[in-house]
Structures are given as C-alpha cells and as structure tokens.
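Q: Input file: data.pdb. Contents: PDB, C-alpha atoms.
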```pdb
ATOM      1  CA  MET S   1      54.036  14.739   2.056
ATOM      2  CA  PRO S   2      52.594  12.414   4.706
ATOM      3  CA  ALA S   3      49.851   9.916   3.843
ATOM      4  CA  VAL S   4      47.196  11.908   5.732
ATOM      5  CA  PHE S   5      47.792  14.813   3.316
ATOM      6  CA  TRP S   6      46.776  12.710   0.317
ATOM      7  CA  ILE S   7      43.876  11.101   2.204
ATOM      8  CA  LYS S   8      42.557  14.557   3.111
ATOM      9  CA  HIS S   9      42.806  15.824  -0.456
ATOM     10  CA  GLY S  10      41.233  12.689  -1.940
ATOM     11  CA  LEU S  11      38.314  12.960   0.481
ATOM     12  CA  GLU S  12      37.969  16.673  -0.265
ATOM     13  CA  TYR S  13      37.799  16.183  -4.043
ATOM     14  CA  LEU S  14      35.346  13.322  -3.595
ATOM     15  CA  LEU S  15      33.045  15.623  -1.634
ATOM     16  CA  TYR S  16      33.345  18.308  -4.338
ATOM     17  CA  ALA S  17      32.250  15.705  -6.893
ATOM     18  CA  VAL S  18      29.305  14.758  -4.658
ATOM     19  CA  LEU S  19      28.309  18.434  -4.503
ATOM     20  CA  TYR S  20      28.458  18.798  -8.288
ATOM     21  CA  PHE S  21      26.593  15.633  -9.285
ATOM     22  CA  GLY S  22      24.149  15.906  -6.380
ATOM     23  CA  ASN S  23      23.243  19.383  -7.605
ATOM     24  CA  VAL S  24      22.868  18.210 -11.233
ATOM     25  CA  TYR S  25      20.854  15.036 -10.614
ATOM     26  CA  PHE S  26      18.993  15.714  -7.376
ATOM     27  CA  LEU S  27      18.932  19.235  -5.930
ATOM     28  CA  TYR S  28      18.159  21.144  -9.137
ATOM     29  CA  PRO S  29      15.573  18.682 -10.547
ATOM     30  CA  GLN S  30      13.794  18.328  -7.184
ATOM     31  CA  LEU S  31      13.922  21.938  -5.997
ATOM     32  CA  ALA S  32      15.088  24.651  -8.394
ATOM     33  CA  ASN S  33      13.343  23.039 -11.355
ATOM     34  CA  LYS S  34      10.081  23.013  -9.371
ATOM     35  CA  ARG S  35      10.129  26.653  -8.269
ATOM     36  CA  PHE S  36      11.528  26.092  -4.753
ATOM     37  CA  GLY S  37      14.278  28.637  -5.344
ATOM     38  CA  ILE S  38      14.683  29.914  -1.765
ATOM     39  CA  LEU S  39      14.814  26.411  -0.301
ATOM     40  CA  TYR S  40      17.318  25.461  -2.995
ATOM     41  CA  LEU S  41      19.648  28.322  -2.009
ATOM     42  CA  VAL S  42      19.276  27.587   1.737
ATOM     43  CA  ILE S  43      20.219  23.933   1.242
ATOM     44  CA  GLN S  44      23.234  24.902  -0.874
ATOM     45  CA  ALA S  45      24.466  27.327   1.801
ATOM     46  CA  LEU S  46      23.930  24.653   4.456
ATOM     47  CA  LEU S  47      25.906  22.109   2.413
ATOM     48  CA  ILE S  48      28.836  24.515   2.061
ATOM     49  CA  TYR S  49      28.830  25.171   5.819
ATOM     50  CA  LEU S  50      28.625  21.474   6.723
ATOM     51  CA  LEU S  51      31.321  20.571   4.216
ATOM     52  CA  GLN S  52      33.889  22.962   5.620
ATOM     53  CA  LEU S  53      33.002  21.848   9.182
ATOM     54  CA  PHE S  54      33.469  18.214   8.212
ATOM     55  CA  LEU S  55      36.803  18.842   6.512
ATOM     56  CA  HIS S  56      37.953  20.881   9.511
ATOM     57  CA  TRP S  57      37.104  17.895  11.711
ATOM     58  CA  VAL S  58      39.033  15.608   9.362
ATOM     59  CA  ARG S  59      42.081  17.853   9.571
ATOM     60  CA  SER S  60      41.882  17.889  13.365
ATOM     61  CA  ALA S  61      41.190  14.142  13.703
ATOM     62  CA  THR S  62      44.141  13.223  11.509
ATOM     63  CA  ASP S  63      46.381  15.857  13.122
ATOM     64  CA  LEU S  64      47.199  16.975   9.592
ATOM     65  CA  TYR S  65      48.791  20.302  10.449
ATOM     66  CA  THR S  66      51.180  18.705  12.981
ATOM     67  CA  GLU S  67      52.338  16.251  10.338
ATOM     68  CA  LEU S  68      52.771  19.015   7.787
ATOM     69  CA  GLN S  69      54.712  21.116  10.330
ATOM     70  CA  LYS S  70      57.200  18.281  10.678
ATOM     71  CA  VAL S  71      57.701  18.193   6.929
ATOM     72  CA  TYR S  72      58.213  21.960   6.698
ATOM     73  CA  SER S  73      60.566  22.023   9.734
ATOM     74  CA  ALA S  74      62.688  19.254   8.231
ATOM     75  CA  ALA S  75      62.951  21.324   5.066
ATOM     76  CA  GLY S  76      64.029  24.407   7.038
ATOM     77  CA  SER S  77      60.854  26.392   6.198
ATOM     78  CA  HIS S  78      58.920  28.729   8.458
ATOM     79  CA  SER S  79      56.222  27.446  10.737
ATOM     80  CA  PHE S  80      53.137  26.077   9.005
ATOM     81  CA  SER S  81      49.705  27.508   9.901
ATOM     82  CA  ASN S  82      47.147  27.496   7.089
ATOM     83  CA  ASN S  83      43.900  26.666   8.841
ATOM     84  CA  HIS S  84      42.189  29.929   7.774
ATOM     85  CA  TRP S  85      43.463  29.664   4.191
ATOM     86  CA  ASP S  86      42.362  26.023   3.931
ATOM     87  CA  THR S  87      38.837  26.925   5.075
ATOM     88  CA  THR S  88      38.633  29.721   2.482
ATOM     89  CA  VAL S  89      39.695  27.343  -0.276
ATOM     90  CA  VAL S  90      37.076  24.766   0.775
ATOM     91  CA  ILE S  91      34.258  27.346   0.791
ATOM     92  CA  THR S  92      35.383  28.808  -2.556
ATOM     93  CA  MET S  93      35.640  25.391  -4.222
ATOM     94  CA  SER S  94      32.256  24.358  -2.834
ATOM     95  CA  ILE S  95      30.634  27.475  -4.305
ATOM     96  CA  VAL S  96      32.370  26.843  -7.633
ATOM     97  CA  MET S  97      31.179  23.211  -7.746
ATOM     98  CA  LEU S  98      27.583  24.145  -6.885
ATOM     99  CA  THR S  99      27.629  26.968  -9.444
ATOM    100  CA  LEU S 100      28.967  24.677 -12.167
ATOM    101  CA  GLY S 101      26.337  22.102 -11.229
ATOM    102  CA  TYR S 102      23.633  24.740 -11.515
ATOM    103  CA  ILE S 103      24.888  25.864 -14.935
ATOM    104  CA  ALA S 104      25.047  22.262 -16.166
ATOM    105  CA  SER S 105      21.516  21.605 -14.867
ATOM    106  CA  VAL S 106      20.111  24.688 -16.586
ATOM    107  CA  ALA S 107      21.866  23.725 -19.831
ATOM    108  CA  LYS S 108      20.406  20.197 -19.648
ATOM    109  CA  LYS S 109      16.929  21.590 -19.020
ATOM    110  CA  MET S 110      17.220  23.975 -21.980
ATOM    111  CA  LYS S 111      18.403  21.103 -24.193
ATOM    112  CA  ARG S 112      15.479  18.921 -23.103
ATOM    113  CA  ASN S 113      13.025  21.743 -23.754
ATOM    114  CA  GLU S 114      14.572  22.362 -27.166
ATOM    115  CA  LEU S 115      14.350  18.670 -28.101
ATOM    116  CA  ALA S 116      10.756  18.496 -26.850
ATOM    117  CA  TYR S 117       9.835  21.571 -28.902
ATOM    118  CA  GLU S 118      11.548  20.191 -32.009
ATOM    119  CA  THR S 119       9.753  16.864 -31.600
ATOM    120  CA  SER S 120       6.419  18.584 -31.093
ATOM    121  CA  GLU S 121       7.000  20.881 -34.065
ATOM    122  CA  ARG S 122       8.056  17.942 -36.258
ATOM    123  CA  GLU S 123       4.921  16.009 -35.324
ATOM    124  CA  ARG S 124       2.771  19.077 -35.999
ATOM    125  CA  VAL S 125       4.324  19.582 -39.440
ATOM    126  CA  ILE S 126       3.881  15.895 -40.313
ATOM    127  CA  ALA S 127       0.234  16.017 -39.237
ATOM    128  CA  GLU S 128      -0.367  19.214 -41.215
ATOM    129  CA  LEU S 129       1.308  17.808 -44.329
ATOM    130  CA  SER S 130      -0.768  14.640 -44.081
ATOM    131  CA  PHE S 131      -3.900  16.754 -43.845
ATOM    132  CA  LEU S 132      -2.901  18.897 -46.826
ATOM    133  CA  LYS S 133      -2.040  15.836 -48.897
ATOM    134  CA  ALA S 134      -5.352  14.215 -47.947
ATOM    135  CA  GLN S 135      -7.124  17.325 -49.237
ATOM    136  CA  ILE S 136      -5.207  17.580 -52.514
ATOM    137  CA  ASN S 137      -5.798  14.007 -53.719
ATOM    138  CA  PRO S 138      -9.614  14.102 -53.434
ATOM    139  CA  HIS S 139      -9.560  17.622 -54.871
ATOM    140  CA  PHE S 140      -7.859  16.303 -58.019
ATOM    141  CA  PHE S 141     -10.157  13.274 -58.140
ATOM    142  CA  PHE S 142     -13.386  15.275 -57.860
ATOM    143  CA  ASN S 143     -12.290  17.794 -60.475
ATOM    144  CA  THR S 144     -11.490  14.990 -62.906
ATOM    145  CA  LEU S 145     -14.776  13.212 -62.226
ATOM    146  CA  HIS S 146     -16.583  16.469 -62.975
ATOM    147  CA  THR S 147     -14.823  16.569 -66.345
ATOM    148  CA  ILE S 148     -15.848  12.993 -67.163
ATOM    149  CA  TYR S 149     -19.416  13.642 -66.047
ATOM    150  CA  ALA S 150     -19.651  16.514 -68.537
ATOM    151  CA  LEU S 151     -18.700  14.091 -71.327
ATOM    152  CA  MET S 152     -21.269  11.415 -70.534
ATOM    153  CA  ASP S 153     -24.080  13.086 -72.508
ATOM    154  CA  THR S 154     -21.979  14.464 -75.351
ATOM    155  CA  ASP S 155     -19.210  11.961 -76.088
ATOM    156  CA  GLN S 156     -19.576   8.578 -74.415
ATOM    157  CA  PRO S 157     -16.530   6.949 -76.097
ATOM    158  CA  ALA S 158     -14.378   9.819 -74.854
ATOM    159  CA  ALA S 159     -15.929   9.446 -71.395
ATOM    160  CA  LYS S 160     -15.055   5.736 -71.339
ATOM    161  CA  SER S 161     -11.519   6.473 -72.452
ATOM    162  CA  SER S 162     -11.269   9.148 -69.783
ATOM    163  CA  ILE S 163     -12.386   6.731 -67.070
ATOM    164  CA  TYR S 164      -9.642   4.322 -68.124
ATOM    165  CA  SER S 165      -7.073   7.141 -68.065
ATOM    166  CA  LEU S 166      -8.325   8.234 -64.651
ATOM    167  CA  SER S 167      -7.923   4.720 -63.244
ATOM    168  CA  HIS S 168      -4.326   4.694 -64.502
ATOM    169  CA  MET S 169      -3.699   8.090 -62.912
ATOM    170  CA  MET S 170      -5.301   7.073 -59.621
ATOM    171  CA  ARG S 171      -2.908   4.134 -59.443
ATOM    172  CA  TYR S 172      -0.088   6.674 -59.411
ATOM    173  CA  VAL S 173      -1.895   8.783 -56.803
ATOM    174  CA  LEU S 174      -2.532   5.817 -54.519
ATOM    175  CA  TYR S 175       0.766   3.946 -54.783
ATOM    176  CA  ASP S 176       3.503   6.255 -56.059
ATOM    177  CA  THR S 177       2.615   9.245 -53.895
ATOM    178  CA  LYS S 178       2.340   7.487 -50.538
ATOM    179  CA  ASN S 179       5.992   8.256 -49.816
ATOM    180  CA  ASP S 180       7.329  11.695 -48.960
ATOM    181  CA  LYS S 181       9.186  12.004 -52.277
ATOM    182  CA  THR S 182       8.714  10.745 -55.815
ATOM    183  CA  SER S 183      10.618  10.943 -59.068
ATOM    184  CA  LEU S 184      10.312  14.154 -61.085
ATOM    185  CA  LEU S 185      10.072  12.092 -64.282
ATOM    186  CA  LYS S 186       7.098  10.181 -62.855
ATOM    187  CA  GLU S 187       5.479  13.428 -61.813
ATOM    188  CA  VAL S 188       5.956  14.872 -65.307
ATOM    189  CA  GLY S 189       4.461  11.692 -66.798
ATOM    190  CA  PHE S 190       1.447  12.095 -64.537
ATOM    191  CA  ILE S 191       1.091  15.728 -65.662
ATOM    192  CA  GLU S 192       1.151  14.599 -69.295
ATOM    193  CA  ASP S 193      -1.631  12.087 -68.590
ATOM    194  CA  TYR S 194      -3.639  14.784 -66.858
ATOM    195  CA  ILE S 195      -3.241  17.203 -69.782
ATOM    196  CA  ALA S 196      -4.315  14.481 -72.235
ATOM    197  CA  LEU S 197      -7.395  13.822 -70.101
ATOM    198  CA  MET S 198      -8.294  17.507 -69.932
ATOM    199  CA  LYS S 199      -7.933  17.942 -73.695
ATOM    200  CA  VAL S 200     -10.885  15.599 -74.219
ATOM    201  CA  ARG S 201     -13.350  18.157 -72.897
ATOM    202  CA  ILE S 202     -11.998  21.339 -74.505
ATOM    203  CA  SER S 203     -12.168  22.702 -78.008
ATOM    204  CA  ASP S 204      -9.337  22.191 -80.469
ATOM    205  CA  GLU S 205      -9.110  25.978 -80.700
ATOM    206  CA  VAL S 206      -7.688  26.125 -77.161
ATOM    207  CA  GLN S 207      -3.918  26.064 -77.407
ATOM    208  CA  ILE S 208      -2.213  23.748 -74.900
ATOM    209  CA  ILE S 209       1.580  23.808 -74.907
ATOM    210  CA  LEU S 210       3.764  21.586 -72.733
ATOM    211  CA  ASP S 211       7.389  22.636 -73.051
ATOM    212  CA  LYS S 212       9.591  20.217 -71.116
ATOM    213  CA  GLN S 213      13.333  20.009 -71.248
ATOM    214  CA  THR S 214      14.673  17.042 -73.235
ATOM    215  CA  PRO S 215      16.469  15.147 -71.894
ATOM    216  CA  MET S 216      15.407  16.066 -68.366
ATOM    217  CA  THR S 217      17.575  15.351 -65.355
ATOM    218  CA  ASP S 218      15.691  13.470 -62.688
ATOM    219  CA  MET S 219      15.386  14.580 -59.065
ATOM    220  CA  GLU S 220      13.289  13.783 -56.032
ATOM    221  CA  ILE S 221      10.245  15.977 -55.542
ATOM    222  CA  VAL S 222       7.201  16.076 -53.294
ATOM    223  CA  PRO S 223       4.366  14.258 -55.113
ATOM    224  CA  MET S 224       1.353  16.177 -56.458
ATOM    225  CA  LEU S 225       3.169  19.471 -55.923
ATOM    226  CA  LEU S 226       2.948  20.884 -59.464
ATOM    227  CA  LEU S 227      -0.475  19.622 -60.488
ATOM    228  CA  PRO S 228      -2.617  22.177 -58.579
ATOM    229  CA  PHE S 229      -1.165  25.025 -60.667
ATOM    230  CA  ILE S 230      -2.085  23.168 -63.869
ATOM    231  CA  GLU S 231      -5.549  22.347 -62.523
ATOM    232  CA  ASN S 232      -5.986  26.015 -61.760
ATOM    233  CA  ALA S 233      -5.051  26.964 -65.327
ATOM    234  CA  PHE S 234      -7.584  24.542 -66.827
ATOM    235  CA  LYS S 235     -10.259  25.670 -64.417
ATOM    236  CA  HIS S 236      -9.832  29.430 -64.780
ATOM    237  CA  GLY S 237      -7.844  30.005 -67.981
ATOM    238  CA  ILE S 238     -10.130  28.554 -70.636
ATOM    239  CA  SER S 239     -13.118  30.276 -72.214
ATOM    240  CA  ALA S 240     -15.788  28.601 -74.308
ATOM    241  CA  ILE S 241     -16.305  31.686 -76.468
ATOM    242  CA  GLU S 242     -12.934  33.466 -76.607
ATOM    243  CA  PRO S 243      -9.484  32.352 -77.769
ATOM    244  CA  SER S 244      -7.523  30.955 -74.841
ATOM    245  CA  TYR S 245      -4.308  29.121 -74.133
ATOM    246  CA  ILE S 246      -2.286  27.337 -71.453
ATOM    247  CA  PHE S 247       1.494  27.167 -71.490
ATOM    248  CA  ILE S 248       3.358  24.802 -69.147
ATOM    249  CA  GLY S 249       7.138  24.882 -68.984
ATOM    250  CA  ILE S 250       9.368  22.489 -67.023
ATOM    251  CA  ALA S 251      13.139  22.837 -67.074
ATOM    252  CA  MET S 252      16.105  21.766 -64.980
ATOM    253  CA  THR S 253      19.461  23.360 -64.340
ATOM    254  CA  GLU S 254      22.368  22.080 -62.282
ATOM    255  CA  THR S 255      20.994  23.746 -59.172
ATOM    256  CA  GLU S 256      17.210  24.101 -59.512
ATOM    257  CA  LEU S 257      13.923  23.074 -61.062
ATOM    258  CA  LYS S 258      11.994  25.797 -62.876
ATOM    259  CA  PHE S 259       8.257  25.324 -63.377
ATOM    260  CA  GLU S 260       6.091  27.845 -65.206
ATOM    261  CA  VAL S 261       2.385  28.034 -66.029
ATOM    262  CA  ARG S 262       0.816  30.841 -68.085
ATOM    263  CA  ASN S 263      -2.797  30.977 -69.166
ATOM    264  CA  SER S 264      -5.387  33.341 -70.603
ATOM    265  CA  LEU S 265      -6.864  35.810 -68.158
ATOM    266  CA  PHE S 266     -10.485  36.877 -68.403
ATOM    267  CA  GLU S 267     -11.848  39.680 -66.295
ATOM    268  CA  ASP S 268     -14.388  37.680 -64.306
ATOM    269  CA  LEU S 269     -12.105  34.696 -63.905
ATOM    270  CA  GLY S 270      -9.239  36.992 -62.933
ATOM    271  CA  LYS S 271     -11.282  38.303 -60.010
ATOM    272  CA  GLN S 272     -11.904  34.722 -58.922
ATOM    273  CA  LEU S 273      -8.198  33.975 -59.037
ATOM    274  CA  ASP S 274      -7.310  37.012 -56.956
ATOM    275  CA  GLY S 275      -9.990  36.425 -54.359
ATOM    276  CA  ASP S 276     -10.253  32.632 -54.165
ATOM    277  CA  PRO S 277      -7.320  30.694 -55.565
ATOM    278  CA  GLY S 278      -8.896  27.426 -54.383
ATOM    279  CA  ILE S 279      -7.914  24.564 -52.126
ATOM    280  CA  GLY S 280      -5.177  23.298 -54.440
ATOM    281  CA  ILE S 281      -3.212  26.541 -54.675
ATOM    282  CA  ALA S 282      -3.582  27.404 -50.991
ATOM    283  CA  ASN S 283      -2.451  23.937 -49.925
ATOM    284  CA  THR S 284       0.455  23.964 -52.350
ATOM    285  CA  ARG S 285       1.661  27.296 -50.974
ATOM    286  CA  ARG S 286       1.590  25.825 -47.478
ATOM    287  CA  ARG S 287       3.346  22.614 -48.538
ATOM    288  CA  LEU S 288       6.085  24.653 -50.196
ATOM    289  CA  ASP S 289       6.538  26.717 -47.027
ATOM    290  CA  LEU S 290       6.813  23.572 -44.907
ATOM    291  CA  LEU S 291       8.886  21.338 -47.169
ATOM    292  CA  TYR S 292      11.018  23.808 -49.133
ATOM    293  CA  ALA S 293      11.462  26.628 -46.635
ATOM    294  CA  GLY S 294      14.214  28.909 -47.898
ATOM    295  CA  LYS S 295      14.713  26.698 -50.967
ATOM    296  CA  HIS S 296      11.972  27.897 -53.280
ATOM    297  CA  THR S 297      10.468  30.998 -54.839
ATOM    298  CA  LEU S 298       6.890  31.304 -56.030
ATOM    299  CA  ASP S 299       5.844  34.301 -58.129
ATOM    300  CA  ILE S 300       2.192  34.706 -59.106
ATOM    301  CA  GLU S 301       1.240  37.554 -61.433
ATOM    302  CA  SER S 302      -1.994  38.733 -62.977
ATOM    303  CA  ASP S 303      -1.455  41.037 -65.962
ATOM    304  CA  SER S 304      -4.758  42.640 -66.941
ATOM    305  CA  PHE S 305      -3.145  44.486 -69.875
ATOM    306  CA  ALA S 306      -1.681  41.349 -71.468
ATOM    307  CA  LYS S 307      -4.678  39.345 -70.205
ATOM    308  CA  GLU S 308      -2.413  36.694 -68.793
ATOM    309  CA  TYR S 309      -2.155  34.915 -65.456
ATOM    310  CA  SER S 310       1.188  33.311 -64.671
ATOM    311  CA  ILE S 311       2.989  31.430 -61.940
ATOM    312  CA  THR S 312       6.734  30.777 -61.776
ATOM    313  CA  LEU S 313       8.076  28.280 -59.263
ATOM    314  CA  THR S 314      11.740  27.507 -58.706
ATOM    315  CA  ILE S 315      12.922  24.776 -56.344
ATOM    316  CA  GLN S 316      16.571  24.349 -55.433
ATOM    317  CA  LYS S 317      18.003  20.839 -55.433
TER     318      LYS S 317
END
```
Starting from the file, give its structure as structure tokens.
A:
Amino acid sequence: MPAVFWIKHGLEYLLYAVLYFGNVYFLYPQLANKRFGILYLVIQALLIYLLQLFLHWVRSATDLYTELQKVYSAAGSHSFSNNHWDTTVVITMSIVMLTLGYIASVAKKMKRNELAYETSERERVIAELSFLKAQINPHFFFNTLHTIYALMDTDQPAAKSSIYSLSHMMRYVLYDTKNDKTSLLKEVGFIEDYIALMKVRISDEVQIILDKQTPMTDMEIVPMLLLPFIENAFKHGISAIEPSYIFIGIAMTETELKFEVRNSLFEDLGKQLDGDPGIGIANTRRRLDLLYAGKHTLDIESDSFAKEYSITLTIQK
C-alpha cells in the first residue's frame, strides 16, 4: 500500500479517538450532563457530518484513490472505486465512537453518584453512631449515680465504696470505649464490676447469676453494647417485696457470641417494658442494626405465664 494509505488511516483513527475522548471529557459533562440533550445530539450529528467531509477532502487532496488504483491494477484486480463505501464506514465508526463515549460517560457519572452516596451514607452512620454512643454513656452514668444516691442515707460506707467502683468503671468508659471496638474480655470485666456495684443496693434475697464460659475466647466487640440489657434487668426485674432474680449468660462458639439475660417479670413492670424499653435498649437495637447488619439476631420475649422477661442476642464473628 502507498504511504498516503497509512497516513489517511492514521489520521482517521486519531479523529475517532478525538470523538470518543471529547465526548467523555467535554461534550457529555458540559451538555448532556446539564440537561442540554437536544443541543448535545445536534452537535454530535454535526461532528459526524464534518468528520466525513474532512476525510473526503483528505482523500481527494492526497489523490488516494488514484494511488490505490495503481496498486490494484498492478496486481491484476478490477478497477478500484470505494468512495461511497469509505464514507459509510466513516459515518458508522463515528456513530460507534460517540455512542461508546456516551456509555462511558454515563457509567462514570453513575460511579461518581454511587461513591458520593456511599460517602454520604457512611458519614451519616458515623454521626448517628456517635450520637447513640454519646447518649448511652451518660445514661449509664446517671443510672449509677441514682443508685449511689439511694445509699447515702442508709449505708454510707457502701456509698463510698460504690463511688470508688464507679470511678474505676468510668475510666473504662472514657478511655477503653473511645475506639470503635474493644475486647470482649474487657467488656465482660466491666459487666462484672457493674453487677457488683448494683448488688450493693439490693437485698440478698434477690438472686443474681452470672454464667460466663470459662475459659472464654476473646473477640472484638462494640463497647457498651451488652450493658443496656443488664441495666434494663436491674431496673425492671427486681421487686422489693417479691422474690426476683436476674440471670446473665455469656458464651462463645467458634462462629458466634451468645448473650442472654433473663429476669423476673412483674405485671406493672412488664407493661413498662413493652411500652417504653428506655433509651438504652432503643439505642442498642439501632447500634446493632448499623454495626452488625445481617450478622446478629435479637430475640426479646415477655412470658406472662412464667413471669419472665428474656433477651437473647447472638453476634457472628
């Protein structure tokens, strides 16, 4: 083939590339992406028309077909006349390049929108979790202070001991729970301290059972996630005049953590539990939905016949 043949094809493919990238980086962002659809289509049609006119001029200026006719005649082939076919190929390729550019532009826009939505959703979840965590910590603190306040007039030594225990627990709340995750063993230790603190204000006739697996495999867990259920049991499951109990079970398997709380159910308190589970339980439900979506189950039951209220939480590793 003569040199003009390769020059013509190189120029043609260069113009196709200009059509594609011009559509991706200029035409679509400036027009189609800003709701100028009709103008966008008119400019594309005009570009296709001008491109085939320009290439036709190139073919004429370089006398391409005369040179090709010499090559075909020397090879003993029929006469060469492909002007109409060449124009059809140019128009078809131009449409293909513009269409591919449009598809690529739409795909890029969808990807950007998806990333923007994911970023916005991630920031919303982080903000909501921070708000929920900010609610839970004071909720625990105020409930514990209320317990200590009740001891001030009846048992001052126990109140002093409780204040010391609370300061130790608050150190955990302030420093060990500032990260997104904490150790399960630390969380269990905090629960044990909380139970010991709560025992100070209740009668010895109330049965408190903590059944934890020994030895227990450690895992990372969201801090202050289990405590609201135990707070709820102490708040609503203990009676000053009737026998009552709280059972807390913590066990690990190879695939999940199982946490269980059962406590006495009294008719009036049962209605409170059904109608107003409190800030702690509501926030914990929401935190579970956000942080362990599809990886946890939470069953809450109120058995009026057995007079027992129970929660069972399982979290997959």
Q: Give me, as a tab-separated table (two decimals) with C-alpha atoms, in the frame of the given file, all polymer residues having an atom no more than 7 Å from stretch 217-228 of chain S, counting all atoms listed in the file and skipping those fewer than 3 positions away in the same chain.
A:
```tsv
chain	number	residue	atom	x	y	z
S	177	THR	CA	2.62	9.24	-53.90
S	180	ASP	CA	7.33	11.70	-48.96
S	181	LYS	CA	9.19	12.00	-52.28
S	182	THR	CA	8.71	10.74	-55.82
S	183	SER	CA	10.62	10.94	-59.07
S	184	LEU	CA	10.31	14.15	-61.08
S	185	LEU	CA	10.07	12.09	-64.28
S	187	GLU	CA	5.48	13.43	-61.81
S	191	ILE	CA	1.09	15.73	-65.66
S	231	GLU	CA	-5.55	22.35	-62.52
S	232	ASN	CA	-5.99	26.02	-61.76
S	252	MET	CA	16.10	21.77	-64.98
S	280	GLY	CA	-5.18	23.30	-54.44
S	281	ILE	CA	-3.21	26.54	-54.68
S	284	THR	CA	0.46	23.96	-52.35
```
Q: For the structure shown, which residues end up in the PyMOL selection byres ((chain S and resi 251) around 9)? Put them as an mmCIF file with C-alpha atoms, in the coordinates of the input, please?
A:
```
data_model
loop_
_atom_site.group_PDB
_atom_site.id
_atom_site.type_symbol
_atom_site.label_atom_id
_atom_site.label_comp_id
_atom_site.auth_asym_id
_atom_site.auth_seq_id
_atom_site.Cartn_x
_atom_site.Cartn_y
_atom_site.Cartn_z
ATOM 1 C CA ASP S 211 7.389 22.636 -73.051
ATOM 2 C CA LYS S 212 9.591 20.217 -71.116
ATOM 3 C CA GLN S 213 13.333 20.009 -71.248
ATOM 4 C CA THR S 214 14.673 17.042 -73.235
ATOM 5 C CA MET S 216 15.407 16.066 -68.366
ATOM 6 C CA THR S 217 17.575 15.351 -65.355
ATOM 7 C CA GLY S 249 7.138 24.882 -68.984
ATOM 8 C CA ILE S 250 9.368 22.489 -67.023
ATOM 9 C CA MET S 252 16.105 21.766 -64.980
ATOM 10 C CA THR S 253 19.461 23.360 -64.340
ATOM 11 C CA GLU S 256 17.210 24.101 -59.512
ATOM 12 C CA LEU S 257 13.923 23.074 -61.062
ATOM 13 C CA LYS S 258 11.994 25.797 -62.876
ATOM 14 C CA PHE S 259 8.257 25.324 -63.377
ATOM 15 C CA GLU S 260 6.091 27.845 -65.206
#
```
Q: From the options S:Val200, S:Ile38, S:Leu151, S:Leu15, which residue's atoms come nearest to S:Phe54, counting only C-alpha atoms?
A: S:Leu15
Q: Take every atom of stretch 89-104 of chain S listed in the file, fit an axis-aligned box around them, add 4 Å per side, and give the centre and edge lengths in Å to one decimal as lines of an AutoDock Vina configuration file.
A:
```
center_x = 31.7
center_y = 25.5
center_z = -7.7
size_x = 24.1
size_y = 14.7
size_z = 25.0
```
Q: Report the residues retrieved by the PyMOL selection byres ((chain S and resi 285-297) around 7) from the displayed file, expressed as a PDB file with C-alpha atoms, keeping the file's coordinate frame.
A:
```pdb
ATOM      1  CA  LEU S 129       1.308  17.808 -44.329  1.00  0.00           C
ATOM      2  CA  ILE S 281      -3.212  26.541 -54.675  1.00  0.00           C
ATOM      3  CA  ALA S 282      -3.582  27.404 -50.991  1.00  0.00           C
ATOM      4  CA  ASN S 283      -2.451  23.937 -49.925  1.00  0.00           C
ATOM      5  CA  THR S 284       0.455  23.964 -52.350  1.00  0.00           C
ATOM      6  CA  LEU S 298       6.890  31.304 -56.030  1.00  0.00           C
ATOM      7  CA  ASP S 299       5.844  34.301 -58.129  1.00  0.00           C
ATOM      8  CA  LEU S 313       8.076  28.280 -59.263  1.00  0.00           C
ATOM      9  CA  THR S 314      11.740  27.507 -58.706  1.00  0.00           C
ATOM     10  CA  ILE S 315      12.922  24.776 -56.344  1.00  0.00           C
ATOM     11  CA  GLN S 316      16.571  24.349 -55.433  1.00  0.00           C
TER      12      GLN S 316
END
```
Q: Neighbouring residues of S:Pro243 were defined as those with any atom within 9 Å, considering all atoms listed in the file; residues of the same chain fewer than 6 positions away were excluded. Please report them as an NGL selection string.
A: :S and (205-207 or 264)
Q: Could you check how far atom CA of S:Gly101 sits from atom CA of S:Leu27, in Å to one decimal?
A: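 Distance between the two atoms: 9.5 Å.
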